[in-house]
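Below is run23.txt, which holds compact mmCIF, C-alpha atoms and all ligand atoms.
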# COMPACT_ATOMS: atom_id res chain seq x y z
CA MET K 3 18.48 -55.23 3.66
CA LYS K 4 15.45 -53.08 3.04
CA THR K 5 15.29 -49.80 4.94
CA SER K 6 12.00 -48.03 5.24
CA HIS K 7 12.08 -44.41 4.23
CA TYR K 8 9.67 -41.92 5.81
CA GLU K 9 8.62 -39.30 3.39
CA LYS K 10 7.97 -35.94 5.05
CA LYS K 11 4.48 -34.74 4.33
CA TRP K 12 3.86 -31.53 6.24
CA ILE K 13 5.73 -28.25 6.12
CA TRP K 14 6.49 -28.25 9.88
CA GLU K 15 8.40 -31.53 9.50
CA ASN K 16 11.25 -29.63 7.87
CA LYS K 17 13.85 -29.14 10.60
CA ASN K 18 14.18 -25.47 9.61
CA PHE K 19 10.51 -24.73 10.28
CA PRO K 20 9.48 -21.88 10.64
CA ASN K 21 12.23 -20.29 8.55
CA PHE K 22 9.95 -19.82 5.57
CA ILE K 23 11.44 -19.07 2.18
CA TYR K 24 9.98 -16.43 -0.14
CA ASP K 25 11.12 -13.88 -2.71
CA LYS K 26 10.54 -10.19 -2.20
CA GLN K 27 7.60 -9.19 -4.38
CA PRO K 28 6.83 -5.69 -5.68
CA LEU K 29 4.68 -3.94 -3.07
CA GLU K 30 4.53 -0.43 -4.60
CA GLU K 31 0.94 -0.81 -5.80
CA LEU K 32 -0.17 -1.92 -2.35
CA PHE K 33 1.63 0.91 -0.55
CA TYR K 34 0.07 3.35 -3.03
CA LYS K 35 -3.41 2.03 -2.20
CA PHE K 36 -2.79 2.21 1.53
CA GLY K 37 -1.66 5.82 0.92
CA ASN K 38 -4.93 6.62 -0.88
CA LEU K 39 -6.90 5.15 1.99
CA ASN K 40 -5.00 7.34 4.41
CA MET K 41 -5.67 10.41 2.35
CA ILE K 42 -9.41 9.79 2.14
CA ASP K 43 -9.52 9.07 5.85
CA SER K 44 -8.17 12.52 6.64
CA PHE K 45 -10.95 14.12 4.54
CA MET K 46 -13.77 12.11 6.07
CA ASN K 47 -16.10 13.97 8.33
CA HIS K 48 -17.45 12.47 11.52
CA SER K 49 -20.81 11.23 10.26
CA ASN K 50 -19.27 9.71 7.15
CA SER K 51 -16.75 7.77 9.14
CA LYS K 52 -19.28 6.52 11.70
CA GLU K 53 -21.43 4.96 9.02
CA PHE K 54 -18.43 3.58 7.18
CA LEU K 55 -16.79 2.21 10.30
CA SER K 56 -19.91 0.26 11.18
CA GLU K 57 -20.21 -1.01 7.60
CA ILE K 58 -16.62 -2.30 7.53
CA LEU K 59 -16.89 -3.89 10.96
CA ILE K 60 -20.17 -5.61 10.14
CA ASN K 61 -18.72 -7.09 6.97
CA GLU K 62 -15.58 -8.14 8.75
CA ALA K 63 -17.37 -9.89 11.61
CA ILE K 64 -19.80 -11.64 9.30
CA SER K 65 -17.12 -12.71 6.86
CA THR K 66 -14.62 -14.08 9.32
CA SER K 67 -17.27 -16.03 11.16
CA ALA K 68 -18.85 -17.24 7.92
CA ILE K 69 -15.69 -18.64 6.37
CA GLU K 70 -16.38 -22.02 7.93
CA GLY K 71 -20.10 -21.48 8.02
CA GLU K 72 -20.62 -20.23 11.58
CA LEU K 73 -23.12 -17.62 10.54
CA LEU K 74 -23.99 -14.67 12.69
CA GLN K 75 -26.94 -12.39 12.04
CA ARG K 76 -26.12 -9.06 10.43
CA SER K 77 -28.54 -7.30 12.78
CA SER K 78 -26.87 -8.78 15.91
CA ILE K 79 -23.44 -7.66 14.70
CA ARG K 80 -24.72 -4.17 13.90
CA SER K 81 -26.29 -4.02 17.31
CA SER K 82 -23.05 -5.12 19.04
CA ILE K 83 -21.04 -2.55 17.10
CA ASN K 84 -23.51 0.16 17.93
CA LYS K 85 -23.44 -0.79 21.60
CA LEU K 86 -19.68 -1.29 21.98
CA LEU K 87 -18.63 1.74 19.99
CA LYS K 88 -21.52 3.91 21.21
CA LEU K 89 -22.11 4.96 17.61
CA ASP K 90 -25.73 5.91 18.01
CA LEU K 91 -26.73 4.40 14.69
CA GLU K 92 -30.38 3.99 13.89
CA GLU K 93 -31.50 0.40 14.40
CA ASP K 94 -34.64 -1.60 13.76
CA SER K 95 -34.11 -3.71 16.86
CA TYR K 96 -31.49 -4.28 19.51
CA ASP K 97 -30.58 -7.92 19.37
CA SER K 98 -26.86 -8.30 19.99
CA THR K 99 -25.86 -11.73 21.30
CA ILE K 100 -22.95 -12.96 23.45
CA GLN K 101 -21.36 -14.33 20.26
CA SER K 102 -21.72 -11.14 18.23
CA ASP K 103 -20.48 -9.00 21.15
CA ALA K 104 -17.45 -11.28 21.56
CA LEU K 105 -16.51 -11.26 17.91
CA VAL K 106 -16.79 -7.49 17.64
CA GLN K 107 -14.71 -7.11 20.83
CA ILE K 108 -11.94 -9.28 19.34
CA ILE K 109 -11.94 -7.32 16.10
CA LEU K 110 -11.75 -4.02 17.98
CA ASP K 111 -8.98 -5.36 20.20
CA THR K 112 -6.90 -6.39 17.18
CA LYS K 113 -7.31 -3.01 15.54
CA ASN K 114 -7.05 -0.65 18.46
CA ASN K 115 -4.80 -2.28 21.00
CA ASP K 116 -1.23 -2.65 19.83
CA ALA K 117 0.03 -4.03 23.14
CA LYS K 118 2.18 -7.15 22.85
CA LEU K 119 0.49 -10.37 21.94
CA ASP K 120 0.85 -13.05 24.58
CA LYS K 121 -0.72 -16.36 25.47
CA LYS K 122 -3.15 -14.69 27.88
CA ARG K 123 -4.49 -12.37 25.20
CA LEU K 124 -4.81 -15.14 22.61
CA CYS K 125 -6.59 -17.34 25.13
CA SER K 126 -8.97 -14.53 26.03
CA TRP K 127 -9.90 -14.21 22.34
CA HIS K 128 -10.44 -17.96 22.26
CA LYS K 129 -12.66 -17.84 25.36
CA ALA K 130 -14.65 -15.01 23.81
CA LEU K 131 -15.24 -17.07 20.66
CA PHE K 132 -16.63 -20.02 22.60
CA PRO K 133 -18.55 -18.53 25.53
CA THR K 134 -20.46 -21.76 26.15
CA GLY K 135 -17.36 -23.96 26.12
CA GLN K 136 -18.74 -25.77 23.12
CA SER K 137 -18.21 -25.66 19.39
CA GLY K 138 -21.62 -26.66 18.06
CA LEU K 139 -22.53 -29.72 20.07
CA LYS K 140 -18.92 -30.66 20.77
CA GLU K 141 -17.26 -29.76 24.05
CA ILE K 142 -13.82 -28.24 23.49
CA ILE K 143 -10.91 -27.00 25.58
CA VAL K 144 -11.51 -23.28 25.84
CA GLY K 145 -8.95 -20.59 26.66
CA GLU K 146 -6.06 -23.07 26.63
CA TYR K 147 -3.95 -24.80 23.98
CA ARG K 148 -5.17 -28.17 22.77
CA LYS K 149 -4.09 -31.28 24.63
CA ASP K 150 -5.32 -33.94 22.24
CA LEU K 151 -3.50 -37.24 22.14
CA GLU K 152 -4.78 -37.92 18.64
CA ASP K 153 -3.67 -36.08 15.52
CA MET K 154 -5.18 -32.63 14.92
CA GLN K 155 -6.48 -33.00 11.40
CA ILE K 156 -8.09 -30.48 9.07
CA VAL K 157 -10.63 -32.46 7.12
CA SER K 158 -13.42 -31.76 4.67
CA GLY K 159 -16.32 -33.79 3.34
CA SER K 160 -18.72 -36.16 5.05
CA TRP K 161 -17.19 -38.89 7.22
CA GLU K 162 -17.45 -41.54 4.50
CA LYS K 163 -15.65 -39.35 1.98
CA GLU K 164 -13.42 -37.48 4.36
CA LYS K 165 -10.37 -35.76 2.92
CA VAL K 166 -7.45 -34.93 5.22
CA HIS K 167 -5.98 -31.57 4.17
CA TYR K 168 -3.51 -31.12 6.96
CA ILE K 169 -2.20 -32.73 10.14
CA ALA K 170 -0.87 -30.13 12.57
CA PRO K 171 2.08 -30.64 14.96
CA LYS K 172 1.51 -32.79 18.06
CA ALA K 173 -0.10 -31.19 21.12
CA LYS K 174 3.02 -31.81 23.24
CA ASP K 175 5.00 -29.53 20.90
CA ILE K 176 2.52 -26.64 20.97
CA PRO K 177 3.86 -24.76 24.04
CA LYS K 178 7.35 -24.41 22.55
CA LEU K 179 6.07 -23.65 19.04
CA MET K 180 3.77 -20.96 20.42
CA GLU K 181 6.47 -19.49 22.60
CA ASP K 182 8.66 -19.07 19.50
CA PHE K 183 5.72 -17.72 17.52
CA LEU K 184 4.88 -15.07 20.12
CA LYS K 185 8.52 -14.08 20.46
CA TRP K 186 8.72 -13.60 16.68
CA ILE K 187 5.46 -11.63 16.54
CA ASN K 188 6.52 -9.25 19.29
CA GLU K 189 10.10 -8.62 18.28
CA GLU K 190 11.03 -5.76 15.99
CA ASN K 191 12.42 -7.58 12.99
CA GLU K 192 13.64 -6.53 9.56
CA ILE K 193 10.55 -7.82 7.85
CA ASN K 194 7.90 -5.22 6.91
CA TYR K 195 4.39 -5.34 8.35
CA ILE K 196 2.79 -6.50 5.13
CA TYR K 197 4.91 -9.64 4.90
CA LYS K 198 4.77 -10.10 8.64
CA SER K 199 0.95 -10.11 8.70
CA MET K 200 0.81 -12.69 5.90
CA ILE K 201 3.39 -14.93 7.53
CA ALA K 202 1.84 -14.58 10.99
CA HIS K 203 -1.52 -15.71 9.59
CA LEU K 204 0.06 -18.79 8.01
CA TYR K 205 2.49 -19.57 10.82
CA PHE K 206 -0.34 -19.61 13.38
CA LEU K 207 -2.57 -21.78 11.17
CA LEU K 208 0.23 -24.27 10.71
CA ILE K 209 0.68 -24.62 14.48
CA HIS K 210 -3.12 -24.80 14.92
CA PRO K 211 -2.77 -24.46 18.71
CA PHE K 212 -6.44 -24.53 19.70
CA ASP K 213 -9.11 -27.20 19.57
CA ASP K 214 -11.19 -24.97 17.31
CA GLY K 215 -11.37 -21.34 16.20
CA ASN K 216 -7.84 -21.33 14.73
CA GLY K 217 -9.00 -19.78 11.45
CA ARG K 218 -10.76 -16.87 13.14
CA ILE K 219 -7.86 -16.22 15.49
CA ALA K 220 -5.30 -16.46 12.67
CA ARG K 221 -7.22 -13.84 10.70
CA ALA K 222 -7.45 -11.67 13.82
CA ILE K 223 -3.66 -11.93 14.21
CA CYS K 224 -3.21 -10.90 10.58
CA ASP K 225 -5.33 -7.78 11.25
CA TYR K 226 -3.45 -7.09 14.49
CA VAL K 227 -0.06 -7.08 12.74
CA LEU K 228 -1.32 -4.89 9.91
CA ALA K 229 -2.90 -2.43 12.35
CA LYS K 230 0.37 -2.28 14.25
CA GLY K 231 2.13 -1.35 11.01
CA LYS K 232 -0.10 1.77 10.82
CA LEU K 233 -0.17 1.65 7.02
CA ALA K 234 -3.65 3.17 7.11
CA ASN K 235 -6.48 3.50 9.58
CA ALA K 236 -7.19 -0.16 10.35
CA ASP K 237 -10.85 0.61 10.96
CA PHE K 238 -11.28 1.32 7.28
CA TYR K 239 -10.30 -1.94 5.67
CA SER K 240 -10.91 -5.60 6.29
CA ILE K 241 -8.81 -8.43 4.95
CA SER K 242 -11.16 -11.07 6.39
CA SER K 243 -14.07 -9.85 4.29
CA SER K 244 -11.98 -10.26 1.18
CA ILE K 245 -10.88 -13.76 2.19
CA HIS K 246 -14.50 -14.72 2.60
CA SER K 247 -15.28 -13.91 -1.01
CA LYS K 248 -12.27 -15.98 -2.13
CA ARG K 249 -12.40 -18.83 0.34
CA LYS K 250 -12.08 -21.56 -2.28
CA GLU K 251 -8.76 -20.12 -3.39
CA TYR K 252 -7.78 -19.55 0.26
CA TYR K 253 -8.19 -23.24 1.08
CA GLN K 254 -6.40 -24.29 -2.10
CA VAL K 255 -3.35 -22.09 -1.41
CA LEU K 256 -3.27 -23.34 2.18
CA ASP K 257 -3.45 -26.95 0.98
CA ASN K 258 -0.54 -26.36 -1.39
CA THR K 259 1.51 -24.53 1.22
CA CYS K 260 1.03 -26.88 4.17
CA THR K 261 2.39 -29.76 2.10
CA ASN K 262 5.34 -27.84 0.73
CA THR K 263 8.08 -29.36 2.85
CA SER K 264 10.73 -27.14 1.27
CA LEU K 265 9.32 -24.21 3.33
CA ASP K 266 8.69 -22.25 0.12
CA ILE K 267 5.70 -19.98 0.75
CA ASN K 268 5.86 -17.87 -2.42
CA GLU K 269 2.41 -18.97 -3.57
CA TRP K 270 0.88 -17.88 -0.24
CA ILE K 271 2.65 -14.51 -0.34
CA ARG K 272 1.69 -13.80 -3.96
CA TRP K 273 -1.93 -14.74 -3.33
CA ASN K 274 -2.08 -12.52 -0.27
CA ILE K 275 -0.59 -9.50 -2.04
CA LYS K 276 -3.34 -9.73 -4.65
CA LEU K 277 -5.91 -10.18 -1.90
CA TYR K 278 -4.71 -7.14 0.06
CA GLU K 279 -4.71 -5.01 -3.11
CA GLU K 280 -8.29 -6.01 -3.87
CA SER K 281 -9.32 -5.52 -0.29
CA ILE K 282 -8.00 -1.95 -0.11
CA SER K 283 -9.53 -1.13 -3.51
CA SER K 284 -12.87 -2.34 -2.29
CA SER K 285 -12.53 -0.20 0.85
CA LEU K 286 -11.77 2.82 -1.29
CA GLU K 287 -14.83 2.13 -3.40
CA LYS K 288 -17.00 1.70 -0.30
CA ILE K 289 -15.75 4.94 1.22
CA ASN K 290 -16.62 6.78 -1.97
CA THR K 291 -20.08 5.27 -1.91
CA VAL K 292 -20.65 6.26 1.71
CA LYS K 293 -19.49 9.79 0.93
CA LEU K 294 -21.73 9.95 -2.12
CA LYS K 295 -24.72 8.77 -0.09
CA THR K 296 -24.10 11.13 2.81
CA ASN K 297 -23.69 14.09 0.48
CA PHE K 298 -26.85 13.11 -1.33
CA TYR K 299 -28.79 12.88 1.93
CA SER K 300 -27.64 16.35 2.95
CA LYS K 301 -28.60 17.67 -0.50
CA ILE K 302 -32.19 16.43 -0.16
CA GLN K 303 -32.52 17.16 3.55
CA ASN K 304 -34.58 20.31 3.11
CA LYS K 305 -36.49 19.27 0.01
CA LYS K 306 -40.19 18.53 0.14
CA LEU K 307 -40.57 14.82 -0.55
CA ASN K 308 -43.47 12.47 0.03
CA ASP K 309 -43.02 8.98 1.52
CA ARG K 310 -43.18 7.31 -1.89
CA GLN K 311 -40.39 9.47 -3.26
CA LYS K 312 -38.26 8.84 -0.15
CA LYS K 313 -38.78 5.10 -0.44
CA ALA K 314 -37.77 5.04 -4.11
CA ILE K 315 -34.68 7.16 -3.46
CA GLN K 316 -33.61 4.92 -0.58
CA LYS K 317 -33.96 1.87 -2.78
CA MET K 318 -31.70 3.44 -5.41
CA LEU K 319 -29.09 4.53 -2.87
CA ALA K 320 -29.03 1.12 -1.23
CA LEU K 321 -27.86 -0.42 -4.48
CA LEU K 322 -24.79 1.77 -4.85
CA PRO K 323 -22.01 1.41 -5.93
CA GLU K 324 -23.59 -0.87 -8.54
CA ASP K 325 -26.12 1.11 -10.50
CA PHE K 326 -29.78 0.69 -9.97
CA GLU K 327 -30.11 -1.52 -13.02
CA GLY K 328 -31.56 0.39 -15.94
CA GLY K 329 -32.27 3.43 -13.73
CA MET K 330 -35.68 4.10 -12.19
CA LYS K 331 -38.50 3.31 -14.61
CA VAL K 332 -42.15 4.27 -14.10
CA LYS K 333 -43.14 0.61 -13.78
CA LYS K 334 -40.41 0.00 -11.18
CA TYR K 335 -41.51 3.08 -9.25
CA MET K 336 -45.09 1.76 -9.26
CA ASN K 337 -43.91 -1.62 -7.90
CA ILE K 338 -41.80 -0.09 -5.15
CA THR K 339 -44.33 2.50 -3.98
CA LYS K 340 -47.59 0.80 -4.98
CA ALA K 341 -48.57 4.06 -6.69
CA THR K 342 -50.78 4.32 -9.78
CA ARG K 343 -49.16 5.22 -13.11
CA VAL K 344 -50.48 8.78 -12.93
CA THR K 345 -49.08 9.29 -9.40
CA ALA K 346 -45.75 7.68 -10.31
CA ASN K 347 -45.34 10.01 -13.29
CA ARG K 348 -46.26 13.02 -11.18
CA ASP K 349 -43.80 12.05 -8.39
CA LEU K 350 -40.97 11.46 -10.84
CA SER K 351 -41.56 14.75 -12.68
CA ASN K 352 -41.51 16.51 -9.34
CA LEU K 353 -38.15 14.90 -8.50
CA VAL K 354 -36.78 16.16 -11.84
CA GLU K 355 -38.09 19.67 -11.10
CA GLN K 356 -36.29 19.61 -7.75
CA ASN K 357 -33.06 18.52 -9.48
CA ILE K 358 -32.98 15.26 -7.50
CA MET K 359 -33.43 13.04 -10.54
CA GLU K 360 -32.59 13.38 -14.19
CA LYS K 361 -34.80 12.08 -17.00
CA HIS K 362 -33.31 10.04 -19.87
CA GLY K 363 -34.76 8.40 -23.00
CA LEU K 364 -38.17 8.66 -24.55
CA ALA K 365 -41.60 7.05 -24.23
CA ARG K 366 -41.34 3.44 -22.99
CA ALA K 367 -37.56 3.67 -22.77
CA THR K 368 -37.73 6.56 -20.29
CA PHE K 369 -35.70 6.15 -17.11
CA TYR K 370 -34.51 8.34 -14.26
CA THR K 371 -31.18 8.55 -12.43
CA LEU K 372 -30.16 10.37 -9.26
CA VAL K 373 -28.37 13.70 -9.58
CA PHE K 374 -25.42 13.66 -7.18
N1 LIG D 401 -4.58 -27.14 4.46
C1 LIG D 401 -4.62 -26.28 5.49
N2 LIG D 401 -3.53 -26.05 6.23
C2 LIG D 401 -3.54 -25.20 7.26
N3 LIG D 401 -4.64 -24.50 7.63
C3 LIG D 401 -5.76 -24.69 6.93
C4 LIG D 401 -5.81 -25.58 5.82
N4 LIG D 401 -7.06 -25.55 5.31
C5 LIG D 401 -7.77 -24.69 6.07
N5 LIG D 401 -7.00 -24.17 7.05
C6 LIG D 401 -7.36 -23.16 8.08
O1 LIG D 401 -7.94 -23.82 9.18
C7 LIG D 401 -9.14 -23.15 9.57
C8 LIG D 401 -10.07 -24.15 10.22
O2 LIG D 401 -9.58 -24.44 11.50
P1 LIG D 401 -10.51 -24.32 12.80
O3 LIG D 401 -11.75 -25.10 12.56
O4 LIG D 401 -9.73 -24.57 14.03
O5 LIG D 401 -10.79 -22.76 12.79
P2 LIG D 401 -12.16 -21.99 12.89
O6 LIG D 401 -11.89 -20.56 13.22
O7 LIG D 401 -13.16 -22.72 13.73
O8 LIG D 401 -12.47 -22.01 11.42
P3 LIG D 401 -13.39 -21.08 10.88
O9 LIG D 401 -14.23 -20.07 11.51
O10 LIG D 401 -12.63 -20.56 9.74
O11 LIG D 401 -14.24 -22.25 11.11
C9 LIG D 401 -9.66 -22.56 8.27
O12 LIG D 401 -10.48 -21.43 8.48
C10 LIG D 401 -8.38 -22.13 7.58
O13 LIG D 401 -7.98 -20.88 8.07
Is it possible to give me this structure as structure tokens?
Ligand SMILES: Nc1ncnc2c1ncn2[C@@H]1O[C@H](COP(=O)(O)OP(=O)(O)OP(=O)(O)O)[C@@H](O)[C@H]1O
Amino acid sequence: MKTSHYEKKWIWENKNFPNFIYDKQPLEELFYKFGNLNMIDSFMNHSNSKEFLSEILINEAISTSAIEGELLQRSSIRSSINKLLKLDLEEDSYDSTIQSDALVQIILDTKNNDAKLDKKRLCSWHKALFPTGQSGLKEIIVGEYRKDLEDMQIVSGSWEKEKVHYIAPKAKDIPKLMEDFLKWINEENEINYIYKSMIAHLYFLLIHPFDDGNGRIARAICDYVLAKGKLANADFYSISSSIHSKRKEYYQVLDNTCTNTSLDINEWIRWNIKLYEESISSSLEKINTVKLKTNFYSKIQNKKLNDRQKKAIQKMLALLPEDFEGGMKVKKYMNITKATRVTANRDLSNLVEQNIMEKHGLARATFYTLVF
């Protein structure tokens, strides 16, 4: 007699789900970087941190919403941040939208409110993400777990060439799975906050409890757990921004993990450790840039500069931390300021005299760099 054998396909089909298996990895480097971030934070002055805080938040909001292509305008996000945090930043226009306000509110809630996570709070994030009750043109269940009778599939590609990456657990099982998830998130367990944030991100994605927005909420949960761990000021780093720049890898690791029915999540953990390290390094680099810029601005505050010189300096500062390629050349200065060659040379010499720029090279190879 032939017996049919069902081959398990998805990680949650293992009866021990969610008892994930992973080896302890070395975390010293990561703790060291978090420590550096903490140290810099304590030396930051108020104006430095205001500018930096807005920069980090803008990148975070744009990145997390752009992972699946739901793009928000940088100016709307900046405006929402300015409004919600009362930062008093200079703005070209005030054009925050319901969507940008909502996203910034969720990010701030994850970072600054370490109250327990419960269904109500998760559902309020979900409602905030979909204020119109629609995802694109599709109507979705908002502020409540999904109730679909059909499979919840994660697919890519056009409908003719659709690829199914993952099928999440059935809707009828979501309430119990989420109850267990929330209990685990809120309890004080042995596991450290770094591992816990990585596992929480994955665990939530695997349950995929909502009709849509699961990626954004999973990344918010990851930030929430890390912020709760108080490893460093959560306002000063953003894991979501780093995921955005590595989203191809992110999807690949998720694909590999969601089909690993042995519950082994080592690949996910290793990938995330690298990601966190890079993310903190990039925050450290950004903080240094902001400090450099702010110090430079205070250095030139009382100098006599014409509008052309200010414009050229701003252009050079905007390109930090990467160098202004090849330094400032006379020709470049002429392009930026629309000045004649004689005026450009006179302006640049004046900047050298005031110790704002330094001259290098000779004749046609002459270029100028900022003196910090
Ligand atoms: N193979 C996979 N297994 C589990 N989760 C996955 C897999 N591939 C992608 N994901 C996650 O599912 C998310 C997409 O789910 P959903 O559309 O509900 O969320 P979303 O927040 O609308 O997505 P996003 O803003 O990222 O669009 C992705 O962002 C990613 O986090």
List all protein, DNA and RNA residues that have any atom at most 6 Å from ligand LIG 401 (chain D), counting all atoms listed in the file, and write the list as a PDB file with C-alpha atoms, keeping the file's coordinate frame.
ATOM      1  CA  SER K  67     -17.270 -16.030  11.160  1.00  0.00           C
ATOM      2  CA  ILE K  69     -15.690 -18.640   6.370  1.00  0.00           C
ATOM      3  CA  GLU K  70     -16.380 -22.020   7.930  1.00  0.00           C
ATOM      4  CA  HIS K 167      -5.980 -31.570   4.170  1.00  0.00           C
ATOM      5  CA  TYR K 168      -3.510 -31.120   6.960  1.00  0.00           C
ATOM      6  CA  LEU K 207      -2.570 -21.780  11.170  1.00  0.00           C
ATOM      7  CA  LEU K 208       0.230 -24.270  10.710  1.00  0.00           C
ATOM      8  CA  ASP K 214     -11.190 -24.970  17.310  1.00  0.00           C
ATOM      9  CA  GLY K 215     -11.370 -21.340  16.200  1.00  0.00           C
ATOM     10  CA  ASN K 216      -7.840 -21.330  14.730  1.00  0.00           C
ATOM     11  CA  GLY K 217      -9.000 -19.780  11.450  1.00  0.00           C
ATOM     12  CA  ARG K 218     -10.760 -16.870  13.140  1.00  0.00           C
ATOM     13  CA  TYR K 253      -8.190 -23.240   1.080  1.00  0.00           C
ATOM     14  CA  LEU K 256      -3.270 -23.340   2.180  1.00  0.00           C
ATOM     15  CA  ASP K 257      -3.450 -26.950   0.980  1.00  0.00           C
ATOM     16  CA  CYS K 260       1.030 -26.880   4.170  1.00  0.00           C
TER      17      CYS K 260
END
Closest-contact table, segment 156-204 of chain K side, partner segment 134-149 of chain K, 8 Å, counting all atoms listed in the file, as JSON lines:
{"residue": "K:Ala173", "atom": "CA", "partner": "K:Lys149", "partner_atom": "CA", "distance": 5.3}
{"residue": "K:Lys174", "atom": "CA", "partner": "K:Lys149", "partner_atom": "CA", "distance": 7.3}
{"residue": "K:Ile176", "atom": "CA", "partner": "K:Tyr147", "partner_atom": "CA", "distance": 7.4}
{"residue": "K:Pro177", "atom": "CA", "partner": "K:Tyr147", "partner_atom": "CA", "distance": 7.8}
Residue among K:Tyr226, K:Phe54, K:Phe132, K:Phe206 lying closest to Gln101 of chain K, counting all atoms listed in the file: K:Phe132
Nearby residues (only C-alpha atoms) at most 9 Å from segment 356-365 of chain K, same-chain spacing under 5 positions excluded, as a tab-separated table (two decimals) with C-alpha atoms, in the coordinates of the input:
chain	number	residue	atom	x	y	z
K	298	PHE	CA	-26.85	13.11	-1.33
K	301	LYS	CA	-28.60	17.67	-0.50
K	302	ILE	CA	-32.19	16.43	-0.16
K	305	LYS	CA	-36.49	19.27	0.01
K	306	LYS	CA	-40.19	18.53	0.14
K	350	LEU	CA	-40.97	11.46	-10.84
K	351	SER	CA	-41.56	14.75	-12.68
K	370	TYR	CA	-34.51	8.34	-14.26
K	371	THR	CA	-31.18	8.55	-12.43
K	372	LEU	CA	-30.16	10.37	-9.26
K	373	VAL	CA	-28.37	13.70	-9.58
K	374	PHE	CA	-25.42	13.66	-7.18
What is the atom CA of Leu131 of chain K-atom CA of Ser240 of chain K distance in Å, reported with one decimal? 18.9 Å
Got a sec to check which residues sit within 12 Å of (-7.2, -24.8, 0.1), counting all atoms listed in the file, and write them as number ranges by chain? K: 156-158, 165-168, 245, 248-261, 269-270, 273
Check the smallest atom-to-atom distance from each of K:Leu322, K:Leu179, K:Leu265, K:Met200 to Lys293 of chain K using all atoms listed in the file, then report the winner.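 Looking only at the distances to Lys293 of chain K, the closest residue turns out to be K:Leu322.
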Go ahead and find all residues with at least one atom no further than 6 Å from (-10.7, -14.0, 9.5) in the file's coordinates, using all atoms listed in the file; report them as a list in words. Thr66, Arg218, Arg221, Ala222 and Ser242 of chain K
Do a neighbour search on Arg76 of chain K at 9 Å with all atoms listed in the file, toss out local chain neighbours closer than 5 positions, and write the hits as a ChimeraX atom specification. /K:60-61,63-64,81
Neighbours of Ala130 of chain K within 8 Å (all atoms listed in the file; same-chain residues fewer than 5 positions away dropped), as a list in words? Gln101, Ala104, Leu105 and Ile108 of chain K
Could you write out that same residue set with C-alpha atoms as a tab-separated table (two decimals), keeping the file's coordinate frame?
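So out20.tsv came out as:
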chain	number	residue	atom	x	y	z
K	101	GLN	CA	-21.36	-14.33	20.26
K	104	ALA	CA	-17.45	-11.28	21.56
K	105	LEU	CA	-16.51	-11.26	17.91
K	108	ILE	CA	-11.94	-9.28	19.34
So that I can see what lies close to Phe36 of chain K, please list as a short mmCIF file (atom, residue, chain, number, x, y, z; two decimals) with C-alpha atoms, keeping the file's coordinate frame the residues with an atom at most 8 Å from it, counting only C-alpha atoms and leaving out residues fewer than 6 positions away in the same chain.
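Output saved as out-v1.cif:
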data_model
loop_
_atom_site.label_atom_id
_atom_site.label_comp_id
_atom_site.auth_asym_id
_atom_site.auth_seq_id
_atom_site.Cartn_x
_atom_site.Cartn_y
_atom_site.Cartn_z
CA LEU K 233 -0.17 1.65 7.02
CA ALA K 234 -3.65 3.17 7.11
CA ILE K 282 -8.00 -1.95 -0.11
#
